[in-house]
>>> print(open('coords18.pdb').read())   # PDB, C-alpha atoms and all ligand atoms
ATOM      1  CA  MET U  28     106.352  75.293 112.611
ATOM      2  CA  SER U  29     108.379  73.068 110.405
ATOM      3  CA  THR U  30     110.388  74.929 107.855
ATOM      4  CA  THR U  31     112.523  73.145 105.362
ATOM      5  CA  ARG U  32     115.446  75.240 104.305
ATOM      6  CA  THR U  33     116.603  74.629 100.815
ATOM      7  CA  ASP U  34     119.630  75.743  98.923
ATOM      8  CA  SER U  35     117.558  77.165  96.087
ATOM      9  CA  ASP U  36     118.116  80.751  95.048
ATOM     10  CA  THR U  37     114.606  81.695  96.099
ATOM     11  CA  PRO U  38     114.826  83.652  99.333
ATOM     12  CA  GLN U  39     112.826  82.238 102.170
ATOM     13  CA  TYR U  40     109.690  84.233 102.880
ATOM     14  CA  ARG U  41     110.187  86.621 105.804
ATOM     15  CA  GLY U  42     107.062  88.415 106.916
ATOM     16  CA  ARG U  43     105.985  90.453 109.897
ATOM     17  CA  PHE U  44     103.080  92.008 111.725
ATOM     18  CA  ALA U  45     103.735  95.517 112.983
ATOM     19  CA  PRO U  46     101.065  96.884 115.312
ATOM     20  CA  SER U  47     101.272 100.269 117.035
ATOM     21  CA  PRO U  48     100.811 100.075 120.795
ATOM     22  CA  THR U  49      97.857 102.441 120.734
ATOM     23  CA  GLY U  50      95.255 100.005 122.041
ATOM     24  CA  PRO U  51      94.162  96.373 121.886
ATOM     25  CA  LEU U  52      93.738  94.389 118.676
ATOM     26  CA  HIS U  53      90.338  94.718 116.998
ATOM     27  CA  ALA U  54      88.668  92.861 114.152
ATOM     28  CA  GLY U  55      90.493  94.959 111.550
ATOM     29  CA  SER U  56      93.954  94.416 112.973
ATOM     30  CA  LEU U  57      93.221  90.690 113.314
ATOM     31  CA  VAL U  58      92.598  90.544 109.557
ATOM     32  CA  ALA U  59      95.967  92.181 108.841
ATOM     33  CA  ALA U  60      97.758  89.931 111.335
ATOM     34  CA  LEU U  61      96.069  86.788 110.062
ATOM     35  CA  ALA U  62      96.710  87.563 106.392
ATOM     36  CA  SER U  63     100.420  88.128 106.935
ATOM     37  CA  PHE U  64     100.637  85.075 109.212
ATOM     38  CA  LEU U  65      98.892  82.744 106.753
ATOM     39  CA  ASP U  66     100.830  84.068 103.788
ATOM     40  CA  ALA U  67     104.100  83.436 105.646
ATOM     41  CA  ARG U  68     103.203  80.021 107.003
ATOM     42  CA  HIS U  69     101.684  78.811 103.741
ATOM     43  CA  GLN U  70     105.052  79.460 102.135
ATOM     44  CA  GLY U  71     107.024  77.906 104.986
ATOM     45  CA  GLY U  72     108.328  81.334 105.905
ATOM     46  CA  SER U  73     108.996  83.182 109.122
ATOM     47  CA  TRP U  74     106.627  85.626 110.761
ATOM     48  CA  ALA U  75     107.949  88.260 113.146
ATOM     49  CA  LEU U  76     106.305  90.709 115.505
ATOM     50  CA  ARG U  77     107.552  94.291 115.435
ATOM     51  CA  ILE U  78     106.063  96.896 117.733
ATOM     52  CA  ASP U  79     105.778 100.225 115.935
ATOM     53  CA  ASP U  80     106.233 102.433 118.973
ATOM     54  CA  LEU U  81     107.495 105.666 117.482
ATOM     55  CA  ASP U  82     104.667 107.913 118.609
ATOM     56  CA  PRO U  83     104.723 107.992 122.430
ATOM     57  CA  PRO U  84     101.943 110.613 122.729
ATOM     58  CA  ARG U  85      99.527 108.178 121.062
ATOM     59  CA  GLN U  86     100.637 105.108 122.944
ATOM     60  CA  VAL U  87      98.366 103.543 125.513
ATOM     61  CA  ASP U  88      99.899 101.833 128.533
ATOM     62  CA  GLY U  89      99.394  98.096 128.565
ATOM     63  CA  SER U  90      98.748  97.862 124.801
ATOM     64  CA  ILE U  91     101.730  95.659 124.055
ATOM     65  CA  GLU U  92     100.609  93.112 126.638
ATOM     66  CA  LEU U  93      97.048  93.213 125.256
ATOM     67  CA  ILE U  94      98.269  92.791 121.667
ATOM     68  CA  THR U  95     100.568  89.880 122.422
ATOM     69  CA  ALA U  96      97.909  88.168 124.570
ATOM     70  CA  ALA U  97      95.353  88.518 121.753
ATOM     71  CA  LEU U  98      97.757  87.141 119.140
ATOM     72  CA  GLN U  99      98.522  84.151 121.350
ATOM     73  CA  ALA U 100      94.840  83.573 122.151
ATOM     74  CA  HIS U 101      94.251  83.338 118.398
ATOM     75  CA  GLY U 102      97.158  80.956 117.855
ATOM     76  CA  LEU U 103      99.232  83.560 116.021
ATOM     77  CA  GLU U 104     102.645  82.691 117.411
ATOM     78  CA  TRP U 105     105.518  84.753 116.074
ATOM     79  CA  ASP U 106     109.119  83.711 115.519
ATOM     80  CA  GLY U 107     112.029  85.098 117.479
ATOM     81  CA  PRO U 108     111.986  87.950 119.956
ATOM     82  CA  MET U 109     109.663  90.911 119.491
ATOM     83  CA  THR U 110     111.416  93.958 118.091
ATOM     84  CA  TYR U 111     110.716  97.641 118.660
ATOM     85  CA  GLN U 112     110.936 100.472 116.171
ATOM     86  CA  SER U 113     111.932 102.825 118.973
ATOM     87  CA  LEU U 114     115.260 101.014 119.273
ATOM     88  CA  GLU U 115     116.175 101.719 115.648
ATOM     89  CA  SER U 116     116.873 105.467 115.867
ATOM     90  CA  ASP U 117     120.368 105.006 114.454
ATOM     91  CA  ARG U 118     118.926 103.621 111.226
ATOM     92  CA  TYR U 119     116.498 106.533 110.861
ATOM     93  CA  GLU U 120     119.229 109.103 111.548
ATOM     94  CA  HIS U 121     121.439 107.416 108.996
ATOM     95  CA  ALA U 122     118.593 107.522 106.465
ATOM     96  CA  LEU U 123     117.981 111.216 107.182
ATOM     97  CA  SER U 124     121.621 112.077 106.638
ATOM     98  CA  GLN U 125     121.606 110.121 103.375
ATOM     99  CA  LEU U 126     118.512 112.052 102.269
ATOM    100  CA  GLU U 127     120.163 115.322 103.225
ATOM    101  CA  GLN U 128     123.391 114.519 101.406
ATOM    102  CA  SER U 129     121.526 113.580  98.268
ATOM    103  CA  GLY U 130     119.529 116.814  98.345
ATOM    104  CA  TRP U 131     116.059 115.384  98.930
ATOM    105  CA  LEU U 132     115.553 116.843 102.386
ATOM    106  CA  PHE U 133     114.313 120.289 103.304
ATOM    107  CA  ARG U 134     113.250 122.059 106.470
ATOM    108  CA  CYS U 135     109.603 123.031 106.524
ATOM    109  CA  ARG U 136     108.221 125.521 108.989
ATOM    110  CA  CYS U 137     104.583 124.921 108.047
ATOM    111  CA  THR U 138     102.034 124.244 110.707
ATOM    112  CA  ARG U 139      98.724 122.523 110.159
ATOM    113  CA  ALA U 140      97.253 125.892 109.137
ATOM    114  CA  THR U 141      99.689 126.419 106.258
ATOM    115  CA  LEU U 142      99.845 122.887 104.842
ATOM    116  CA  SER U 143      98.006 122.126 101.621
ATOM    117  CA  ALA U 144      94.820 120.098 101.695
ATOM    118  CA  GLN U 145      96.912 117.040 100.849
ATOM    119  CA  GLY U 146      99.307 117.728 103.694
ATOM    120  CA  ALA U 147     102.162 119.084 101.551
ATOM    121  CA  CYS U 148     104.242 122.144 102.411
ATOM    122  CA  GLY U 149     102.213 125.203 101.533
ATOM    123  CA  GLN U 150     104.794 127.999 101.819
ATOM    124  CA  GLY U 151     107.543 126.984  99.463
ATOM    125  CA  CYS U 152     109.876 126.084 102.328
ATOM    126  CA  ALA U 153     111.969 123.919  99.995
ATOM    127  CA  ASP U 154     113.182 127.058  98.232
ATOM    128  CA  ARG U 155     114.251 128.886 101.385
ATOM    129  CA  GLU U 156     117.078 128.351 103.781
ATOM    130  CA  LEU U 157     115.396 127.921 107.103
ATOM    131  CA  ALA U 158     117.606 128.288 110.182
ATOM    132  CA  ALA U 159     118.132 125.040 112.038
ATOM    133  CA  ASP U 160     117.008 126.619 115.310
ATOM    134  CA  GLU U 161     113.642 127.692 113.916
ATOM    135  CA  PRO U 162     110.908 125.132 114.700
ATOM    136  CA  HIS U 163     110.559 122.897 111.666
ATOM    137  CA  SER U 164     109.778 119.471 110.367
ATOM    138  CA  LEU U 165     111.915 117.627 107.835
ATOM    139  CA  ARG U 166     110.307 116.785 104.512
ATOM    140  CA  VAL U 167     111.424 115.186 101.297
ATOM    141  CA  ARG U 168     110.652 116.388  97.799
ATOM    142  CA  PHE U 169     108.619 113.707  96.100
ATOM    143  CA  ASP U 170     108.731 115.030  92.570
ATOM    144  CA  GLY U 171     111.749 113.417  90.955
ATOM    145  CA  GLU U 172     112.207 110.119  89.238
ATOM    146  CA  HIS U 173     110.544 107.528  91.355
ATOM    147  CA  PRO U 174     108.927 104.139  90.944
ATOM    148  CA  HIS U 175     105.402 104.809  89.684
ATOM    149  CA  GLU U 176     104.428 101.189  89.488
ATOM    150  CA  PHE U 177     104.746  98.061  91.508
ATOM    151  CA  ASP U 178     103.287  94.592  91.509
ATOM    152  CA  ASP U 179     101.070  94.016  94.483
ATOM    153  CA  ARG U 180     101.106  90.301  95.172
ATOM    154  CA  PHE U 181      97.376  90.299  95.936
ATOM    155  CA  LEU U 182      95.971  93.234  93.976
ATOM    156  CA  GLY U 183      98.095  92.866  90.859
ATOM    157  CA  PRO U 184      99.894  95.693  89.034
ATOM    158  CA  GLN U 185      99.495  99.092  90.681
ATOM    159  CA  VAL U 186     100.125 102.422  89.012
ATOM    160  CA  LEU U 187     100.598 105.624  90.951
ATOM    161  CA  ASP U 188      97.979 108.301  90.473
ATOM    162  CA  SER U 189     100.407 111.197  90.837
ATOM    163  CA  GLU U 190      97.538 113.592  91.516
ATOM    164  CA  ALA U 191      96.688 111.640  94.653
ATOM    165  CA  ILE U 192     100.134 111.936  96.217
ATOM    166  CA  PRO U 193     101.425 115.227  97.613
ATOM    167  CA  CYS U 194     104.634 116.599  96.099
ATOM    168  CA  ASP U 195     106.452 116.280  99.423
ATOM    169  CA  PHE U 196     105.963 114.443 102.664
ATOM    170  CA  ILE U 197     107.239 114.470 106.187
ATOM    171  CA  VAL U 198     110.065 112.263 107.424
ATOM    172  CA  LYS U 199     110.757 113.852 110.801
ATOM    173  CA  ARG U 200     108.113 115.678 112.710
ATOM    174  CA  ARG U 201     108.257 119.121 114.205
ATOM    175  CA  ASP U 202     108.166 117.527 117.654
ATOM    176  CA  GLY U 203     111.308 115.553 116.828
ATOM    177  CA  LEU U 204     109.621 112.179 116.292
ATOM    178  CA  TYR U 205     110.469 110.112 113.230
ATOM    179  CA  ALA U 206     107.562 110.046 110.813
ATOM    180  CA  TYR U 207     105.723 106.856 110.005
ATOM    181  CA  GLN U 208     106.756 106.846 106.316
ATOM    182  CA  LEU U 209     110.465 106.971 107.130
ATOM    183  CA  ALA U 210     110.347 104.370 109.896
ATOM    184  CA  ALA U 211     108.201 101.968 107.867
ATOM    185  CA  ALA U 212     110.290 102.360 104.706
ATOM    186  CA  VAL U 213     113.561 101.745 106.528
ATOM    187  CA  GLY U 214     112.253  99.108 108.930
ATOM    188  CA  ASP U 215     110.478  97.021 106.293
ATOM    189  CA  ALA U 216     113.533  96.981 104.031
ATOM    190  CA  GLN U 217     115.772  95.330 106.615
ATOM    191  CA  PRO U 218     117.113  91.911 105.645
ATOM    192  CA  GLN U 219     114.932  90.117 108.193
ATOM    193  CA  PHE U 220     111.833  91.039 106.130
ATOM    194  CA  ASN U 221     111.073  90.578 102.462
ATOM    195  CA  ALA U 222     107.273  90.311 102.359
ATOM    196  CA  ILE U 223     104.884  92.926 103.715
ATOM    197  CA  VAL U 224     101.183  92.091 103.951
ATOM    198  CA  ARG U 225      98.975  94.863 105.321
ATOM    199  CA  GLY U 226      95.727  96.762 104.887
ATOM    200  CA  ALA U 227      94.820  98.394 101.585
ATOM    201  CA  ASP U 228      94.480 101.740 103.378
ATOM    202  CA  LEU U 229      98.291 101.847 103.245
ATOM    203  CA  LEU U 230      98.478 101.497  99.463
ATOM    204  CA  GLU U 231      99.323 105.185  98.923
ATOM    205  CA  SER U 232     101.922 105.012 101.668
ATOM    206  CA  THR U 233     103.556 102.151  99.818
ATOM    207  CA  TYR U 234     104.512 104.508  96.968
ATOM    208  CA  ARG U 235     106.188 106.879  99.398
ATOM    209  CA  GLN U 236     107.946 104.066 101.192
ATOM    210  CA  ARG U 237     109.113 102.421  97.975
ATOM    211  CA  TRP U 238     110.391 105.792  96.813
ATOM    212  CA  LEU U 239     112.315 106.246 100.060
ATOM    213  CA  GLN U 240     113.751 102.741  99.740
ATOM    214  CA  HIS U 241     114.733 103.550  96.160
ATOM    215  CA  VAL U 242     116.594 106.770  96.989
ATOM    216  CA  LEU U 243     118.157 105.214 100.099
ATOM    217  CA  GLY U 244     119.453 102.285  98.072
ATOM    218  CA  LEU U 245     117.469  99.744 100.124
ATOM    219  CA  GLU U 246     116.131  96.501  98.698
ATOM    220  CA  PRO U 247     112.316  96.853  98.730
ATOM    221  CA  PRO U 248     110.250  93.990 100.121
ATOM    222  CA  HIS U 249     107.327  92.541  98.168
ATOM    223  CA  TYR U 250     104.084  94.228  99.122
ATOM    224  CA  ALA U 251     100.581  92.808  99.303
ATOM    225  CA  HIS U 252      97.487  94.662 100.490
ATOM    226  CA  VAL U 253      94.348  93.099 101.888
ATOM    227  CA  PRO U 254      90.863  94.620 102.181
ATOM    228  CA  VAL U 255      90.349  96.638 105.340
ATOM    229  CA  VAL U 256      87.433  96.036 107.687
ATOM    230  CA  SER U 257      84.943  98.895 107.849
ATOM    231  CA  ASP U 258      82.239  99.746 110.328
ATOM    232  CA  GLU U 259      78.578 100.115 109.378
ATOM    233  CA  ARG U 260      79.198 103.708 108.275
ATOM    234  CA  GLY U 261      81.943 102.626 105.912
ATOM    235  CA  ASN U 262      84.831 103.937 108.017
ATOM    236  CA  LYS U 263      87.882 101.762 108.452
ATOM    237  CA  LEU U 264      87.922 100.115 111.851
ATOM    238  CA  SER U 265      90.692 101.649 113.905
ATOM    239  CA  LYS U 266      91.722 102.176 117.463
ATOM    240  CA  GLN U 267      91.372 105.923 116.924
ATOM    241  CA  THR U 268      87.681 105.567 116.072
ATOM    242  CA  GLY U 269      87.061 103.322 119.031
ATOM    243  CA  ALA U 270      86.932  99.876 117.412
ATOM    244  CA  ALA U 271      86.022  97.249 119.991
ATOM    245  CA  ALA U 272      88.796  95.039 121.336
ATOM    246  CA  LEU U 273      88.690  91.428 120.222
ATOM    247  CA  ASN U 274      86.951  89.195 122.704
ATOM    248  CA  MET U 275      89.544  86.517 123.333
ATOM    249  CA  ALA U 276      86.868  84.103 124.575
ATOM    250  CA  PHE U 277      85.635  83.913 120.971
ATOM    251  CA  ALA U 278      88.956  83.308 119.236
ATOM    252  CA  GLU U 279      87.527  80.645 116.899
ATOM    253  CA  GLN U 280      84.647  82.874 115.790
ATOM    254  CA  ASN U 281      87.005  85.824 115.374
ATOM    255  CA  LEU U 282      89.288  83.723 113.172
ATOM    256  CA  ARG U 283      86.370  82.472 111.082
ATOM    257  CA  GLY U 284      85.164  86.045 110.633
ATOM    258  CA  ALA U 285      88.617  87.212 109.561
ATOM    259  CA  LEU U 286      88.965  84.305 107.115
ATOM    260  CA  SER U 287      85.602  85.142 105.607
ATOM    261  CA  HIS U 288      86.660  88.789 105.211
ATOM    262  CA  LEU U 289      89.779  87.552 103.417
ATOM    263  CA  ASP U 290      87.572  85.469 101.119
ATOM    264  CA  GLN U 291      89.122  82.205 102.244
ATOM    265  CA  ALA U 292      87.293  78.895 102.098
ATOM    266  CA  PRO U 293      85.728  78.371 105.546
ATOM    267  CA  PRO U 294      87.143  75.467 107.540
ATOM    268  CA  PRO U 295      84.531  72.704 108.025
ATOM    269  CA  GLU U 296      82.364  73.021 111.129
ATOM    270  CA  SER U 297      84.111  69.946 112.521
ATOM    271  CA  VAL U 298      87.283  72.027 112.803
ATOM    272  CA  ARG U 299      86.874  73.588 116.224
ATOM    273  CA  SER U 300      90.007  74.867 117.936
ATOM    274  CA  ALA U 301      91.894  78.001 116.957
ATOM    275  CA  SER U 302      95.001  75.984 116.151
ATOM    276  CA  ASP U 303      93.040  73.572 113.923
ATOM    277  CA  ILE U 304      91.328  76.473 112.151
ATOM    278  CA  LEU U 305      94.738  77.999 111.497
ATOM    279  CA  GLU U 306      96.158  74.717 110.293
ATOM    280  CA  HIS U 307      93.314  74.380 107.799
ATOM    281  CA  ALA U 308      93.669  78.016 106.751
ATOM    282  CA  ILE U 309      97.432  77.729 106.235
ATOM    283  CA  GLU U 310      96.968  74.736 103.994
ATOM    284  CA  HIS U 311      94.180  76.348 101.938
ATOM    285  CA  TRP U 312      95.511  79.938 101.876
ATOM    286  CA  SER U 313      94.921  81.425  98.492
ATOM    287  CA  PHE U 314      95.008  85.014  97.376
ATOM    288  CA  PRO U 315      95.128  85.078  93.597
ATOM    289  CA  SER U 316      96.884  88.022  92.048
ATOM    290  CA  GLY U 317      94.396  90.472  90.600
ATOM    291  CA  ALA U 318      91.659  89.493  93.058
TER     292      ALA U 318
HETATM  293 ZN    ZN A 401     106.507 124.361 104.556
END
>>> encode(input="coords18.pdb", output="structure tokens")
Amino acid sequence: MSTTRTDSDTPQYRGRFAPSPTGPLHAGSLVAALASFLDARHQGGSWALRIDDLDPPRQVDGSIELITAALQAHGLEWDGPMTYQSLESDRYEHALSQLEQSGWLFRCRCTRATLSAQGACGQGCADRELAADEPHSLRVRFDGEHPHEFDDRFLGPQVLDSEAIPCDFIVKRRDGLYAYQLAAAVGDAQPQFNAIVRGADLLESTYRQRWLQHVLGLEPPHYAHVPVVSDERGNKLSKQTGAAALNMAFAEQNLRGALSHLDQAPPPESVRSASDILEHAIEHWSFPSGA
């Protein structure tokens, strides 16, 4: 990739793809990877690969090798070394202590049976002093002043529907694992990233993560959400629901399918190889705000 660094005040675009090692890439994850890749490359930016490996019980052996092989088979070459969320525990601990010091954190002893339908604490744990040695998760109150709006680079202005978001959410699980919202909020606000492109199923999470970044004093990245791929029953394709692995022998067709899903102009039929398809797609990448 040729990137021309300039001395302008505009920060260079720094994007990433962040798969969980819970299985091979499927058509839905290819769309998310491709969108963030094209958005980065179109703007002459960098594109990193971060493995979100914070949930060992859900991890599947060999996934990282399958994911990296699939990205390479589709011409999606990342910059720099791969990074791993599991190596960032110090950052999460630091964030938790900041949240504790600023009074946002509370111990919650709820189990699945006592959580609200939205997944919030259902027993008023925030108002009790729970002993540290009693099994508990760590949650944050999500009811103070927080950013209710943000500009999604693809979807346009977004306004929080407060009814849709629980009044608290988990940042460290009962089993001691760091929760997705905390790790994503902290990890995506590191200086090596400033542009997050991902599936629209994460739109609600973005409010929680932006709120965490706000109270932790972190600079939020720009967010953009792309349409998710659904199966014939309307469910989002996911590894958990058994989405089929990408067939790497059909990389060109897979890329054309993903481009079509992203509403991009199809490369001419004369454009054959994966790298030529990507080159065409980088040049013509367009995702108008408000689409
Ligand atoms: Zn509780």
>>> resolve_selection(input="coords18.pdb", expression="the PyMOL selection byres (((chain U and resi 232-245) around 8) and not hetatm)", output="list in words")
Ala122, Gln125, Leu126, Phe169, His173, Pro174, His175, Leu187, Gln208, Leu209, Ala211, Ala212, Val213, Ala216, Leu229, Leu230, Glu231, Glu246, Pro247 and Tyr250 of chain U
>>> resolve_selection(input="coords18.pdb", expression="the PyMOL selection byres (((not hetatm)) within 7 of (chain A and resi 401))", output="list in words")
Cys135, Arg136, Cys137, Leu142, Cys148, Gly149, Gln150, Gly151 and Cys152 of chain U
>>> atom_distance(input="coords18.pdb", atom1="atom CA of U:Ser116", atom2="atom CA of U:Leu165")
15.4 Å
>>> resolve_selection(input="coords18.pdb", expression="the PyMOL selection byres (((chain U and resi 91-106) around 7) and not hetatm)", output="list in words")
Pro48, Pro51, Leu52, Ser73, Trp74, Ala75, Leu76, Gly89, Ser90, Gly107, Pro108, Met275, Ala278, Ala301 and Ser302 of chain U
>>> residues_around(input="coords18.pdb", residues="stretch 270-272 of chain U", least_positions_apart="5", cutoff="9 Å", atoms="all atoms listed in the file", output="mmCIF file with C-alpha atoms, keeping the file's coordinate frame")
data_model
loop_
_atom_site.group_PDB
_atom_site.id
_atom_site.type_symbol
_atom_site.label_atom_id
_atom_site.label_comp_id
_atom_site.auth_asym_id
_atom_site.auth_seq_id
_atom_site.Cartn_x
_atom_site.Cartn_y
_atom_site.Cartn_z
ATOM 1 C CA GLY U 50 95.255 100.005 122.041
ATOM 2 C CA PRO U 51 94.162 96.373 121.886
ATOM 3 C CA LEU U 52 93.738 94.389 118.676
ATOM 4 C CA HIS U 53 90.338 94.718 116.998
ATOM 5 C CA ALA U 54 88.668 92.861 114.152
ATOM 6 C CA GLY U 55 90.493 94.959 111.550
ATOM 7 C CA ASP U 258 82.239 99.746 110.328
ATOM 8 C CA LEU U 264 87.922 100.115 111.851
ATOM 9 C CA SER U 265 90.692 101.649 113.905
#
>>> closest_residue(input="coords18.pdb", among="U:Gln267, U:Ser47, U:Gln70, U:Ser63", to="U:Pro83", atoms="all atoms listed in the file")
U:Ser47
>>> closest_residue(input="coords18.pdb", among="U:Ala159, U:Val186, U:Ala191, U:Leu132", to="U:Gln145", atoms="all atoms listed in the file")
U:Ala191
